[in-house]
Amino acid sequence: MLVINTIFPLFALLLLGRLLKFYGMTDDRFLAMSDRLVYYIFFPAMLFWKIGGSGPDQGIDAGLFFAGLIGVLLAFLASLWAIRFFRISHFQAGSFCQACFRFNTYIGMAIVLTVLGEDGVRHFGILAGIVIPLINVLSVSVLVWYSDQKLAPREKVRYFIRALVSNPLIIGCAAGFLFSRSGLDFPLFVRNSFSLMTSVTLPLALISIGGSLQFKGLADHTRLSLLAAGIKLAFLPVTGFVLLTLFQVTGIAFTVGMIFFALPTSTAIYVLSGQLNSDTDLAAGAIMISTLLSFVSLSLSLLI
């Protein structure tokens with residue numbers, strides 16, 4: 001029942017987002033604007049509020065964060081091996097590689113909040129804040145490396161810096177962590193304001209993800225999409241389980257780690273692939289396949 005009660009509502013909202021788009025109740029402009037609101041306003045505010053209100057006395061499991069970083073690096077290396085072994089073209093390599101290790105933060109936060117509450121959100125938020133900079137560096141590096149565009153050194157540096165310092169999720173996590181260490185507390189009216197403001201975050205994010213899912217190019221990219229999903233949803237969770245065990249991570253931190261490793265790939269790979277001249281059709285197919293198959297990986301992670 002835990003799996004049904006936790007996973008089904010998420011996929012129900014994803015399906016709702018798809019149906020709303022299909023029947024014309026939302027459109028691309030609405031989805032783009034809602035994405036921007038969630039990404040730049042609501043989700044960073046939620047991270048700041050949840051992490052900032054946790055208090056400085058609540059410990060952080062370092063093993064969880066080491067496992068997350070190493071797991072992402074191993075999935076990245078596995079994707080590079082697959083690119084070479086299966087002779088994936090340069091045009092497809094960047095999109096494929098990203099699909100193997102980037103994770104959907106919104107789906108992760110929704111599951112963690114439902115299953116583990118605010119303590120789980122604190123662990124997941126800080127884990128995301130630590131892992132996202134590494135993921136951005138790896139993503140931009142592989143896209144630039146395989147890109148046919150002759151980017152000037154200044155242009156490459158600009159992409160790196162923008163990916164690192166302008167990410168609203170990193171800023172929200174860092175600000176929340178610093179606030180939690182300050183010894184201050186949110187007044188009740190501020191808590192109530194954050195509660196109202198962020199209550200829309202996860203439903204809006206999930207509906208937007210559902211509406212953005214595309215079948216475009218899926219038929220022509222099924223093999224590579226399934227291969228990327230295999231690394232993201234099978235190799236990474238198994239590797240993550242081993243790492244969490246080696247680092248003796250237990251309790252809430254262990255559950256957060258398993259949810260993190262089992263998440264589908266991020267919809268952000270489509271945007272970044274377009275910006276750096278990689279295969280957006282493959283990116284769209286990989287997002288679709290990964291999201292659908294994550295029902296299995298997330299269910300198993302909760303059972304463990």
# chains A, B, ... in the order shown; residues from 1 in each chain; ligands from 1
$ residues_around --residues "range 272-288 of chain A" --least-positions-apart "4" --cutoff "10 Å" --atoms "only C-alpha atoms" --output "ChimeraX atom specification"
/A:89-100,104,139-140,143-144,146-149,151,159,209-210,212-229,264-268,292-293
$ residues_around --residues "Gly108 in chain A" --least-positions-apart "5" --cutoff "9 Å" --atoms "only C-alpha atoms" --output "NGL selection string"
:A and (103 or 113 or 124 or 256 or 259-260 or 262-264)
$ select_by_dssp --residues "range 53-143 of chain A" --states "helix (DSSP H, G or I)" --output "PyMOL selection string"
chain A and resi 62-85+90-101+105-143
$ closest_residue --among "A:Ala45, A:Ile83, A:Leu16, A:Leu31" --to "Arg191 in chain A" --atoms "only C-alpha atoms"
A:Ala45
$ atom_distance --atom1 "CA of Thr105 in chain A" --atom2 "CA of Gly125 in chain A"
9.0 Å
$ closest_residue --among "A:Leu13, A:Ala175, A:Val296, A:Ile70" --to "Gly52 in chain A" --atoms "only C-alpha atoms"
A:Ala175
$ closest_residue --among "A:Ala128, A:Leu134, A:Leu188, A:Leu243" --to "Ile170 in chain A" --atoms "only C-alpha atoms"
A:Ala128
$ atom_distance --atom1 "CA of Leu202 in chain A" --atom2 "CA of Phe42 in chain A"
8.9 Å
$ residues_around --residues "Gly257 in chain A" --least-positions-apart "6" --cutoff "9 Å" --atoms "only C-alpha atoms" --output "mmCIF file with N, CA and C atoms, in the first residue's frame"
data_model
loop_
_atom_site.group_PDB
_atom_site.id
_atom_site.type_symbol
_atom_site.label_atom_id
_atom_site.label_comp_id
_atom_site.auth_asym_id
_atom_site.auth_seq_id
_atom_site.Cartn_x
_atom_site.Cartn_y
_atom_site.Cartn_z
ATOM 1 N N LEU A 64 25.606 9.925 3.088
ATOM 2 C CA LEU A 64 24.597 10.090 2.045
ATOM 3 C C LEU A 64 25.125 10.946 0.908
ATOM 4 N N PHE A 65 25.801 12.022 1.248
ATOM 5 C CA PHE A 65 26.269 12.953 0.232
ATOM 6 C C PHE A 65 27.456 12.391 -0.546
ATOM 7 N N ALA A 67 27.909 9.188 -1.072
ATOM 8 C CA ALA A 67 27.295 8.167 -1.926
ATOM 9 C C ALA A 67 26.644 8.800 -3.143
ATOM 10 N N GLY A 68 25.958 9.928 -2.944
ATOM 11 C CA GLY A 68 25.315 10.614 -4.058
ATOM 12 C C GLY A 68 26.320 11.101 -5.083
ATOM 13 N N HIS A 123 17.129 16.489 4.171
ATOM 14 C CA HIS A 123 18.190 15.647 3.625
ATOM 15 C C HIS A 123 18.236 15.736 2.102
ATOM 16 N N PHE A 124 17.062 15.628 1.478
ATOM 17 C CA PHE A 124 17.021 15.625 0.017
ATOM 18 C C PHE A 124 17.438 16.982 -0.543
ATOM 19 N N LEU A 127 21.178 17.317 -0.232
ATOM 20 C CA LEU A 127 21.799 16.399 -1.201
ATOM 21 C C LEU A 127 21.724 16.988 -2.606
ATOM 22 N N GLY A 240 24.005 2.738 -6.142
ATOM 23 C CA GLY A 240 23.692 3.573 -4.977
ATOM 24 C C GLY A 240 23.447 2.749 -3.728
ATOM 25 N N PHE A 241 22.729 1.634 -3.876
ATOM 26 C CA PHE A 241 22.484 0.756 -2.725
ATOM 27 C C PHE A 241 23.802 0.267 -2.139
ATOM 28 N N LEU A 244 25.558 3.279 -0.368
ATOM 29 C CA LEU A 244 24.907 3.617 0.894
ATOM 30 C C LEU A 244 25.241 2.586 1.974
ATOM 31 N N VAL A 249 25.003 4.184 5.746
ATOM 32 C CA VAL A 249 23.884 5.126 5.806
ATOM 33 C C VAL A 249 22.627 4.345 6.194
#
$ closest_residue --among "A:Ala62, A:Ile171, A:Ala78, A:Ile4" --to "Thr114 in chain A" --atoms "only C-alpha atoms"
A:Ile4
$ residues_around --residues "Thr245 in chain A" --least-positions-apart "6" --cutoff "12 Å" --atoms "only C-alpha atoms" --output "number ranges by chain"
A: 63-64, 66-67, 238-239, 251, 253-255, 257-258
$ write_last_selection --atoms "N, CA and C atoms" --output "short mmCIF file (atom, residue, chain, number, x, y, z; two decimals), in the first residue's frame"
data_model
loop_
_atom_site.label_atom_id
_atom_site.label_comp_id
_atom_site.auth_asym_id
_atom_site.auth_seq_id
_atom_site.Cartn_x
_atom_site.Cartn_y
_atom_site.Cartn_z
N GLY A 63 27.73 10.44 4.84
CA GLY A 63 27.78 9.26 3.98
C GLY A 63 26.78 9.34 2.84
N LEU A 64 25.61 9.92 3.09
CA LEU A 64 24.60 10.09 2.04
C LEU A 64 25.12 10.95 0.91
N PHE A 66 28.36 11.65 0.14
CA PHE A 66 29.45 10.99 -0.57
C PHE A 66 28.91 9.93 -1.53
N ALA A 67 27.91 9.19 -1.07
CA ALA A 67 27.30 8.17 -1.93
C ALA A 67 26.64 8.80 -3.14
N VAL A 238 21.29 0.30 -8.17
CA VAL A 238 22.06 -0.82 -7.61
C VAL A 238 23.39 -0.31 -7.06
N THR A 239 24.06 0.54 -7.86
CA THR A 239 25.31 1.13 -7.40
C THR A 239 25.09 1.97 -6.14
N GLY A 251 18.39 4.58 8.16
CA GLY A 251 17.23 5.40 8.53
C GLY A 251 16.73 6.26 7.39
N ALA A 253 18.02 8.89 6.01
CA ALA A 253 19.04 9.22 5.00
C ALA A 253 19.14 8.11 3.96
N PHE A 254 19.05 6.85 4.39
CA PHE A 254 19.12 5.73 3.45
C PHE A 254 17.93 5.77 2.49
N THR A 255 16.74 6.00 3.01
CA THR A 255 15.55 6.05 2.16
C THR A 255 15.63 7.21 1.17
N GLY A 257 18.36 8.48 0.00
CA GLY A 257 19.35 8.10 -0.99
C GLY A 257 18.78 7.16 -2.05
N MET A 258 18.01 6.17 -1.63
CA MET A 258 17.44 5.23 -2.59
C MET A 258 16.43 5.91 -3.51
#
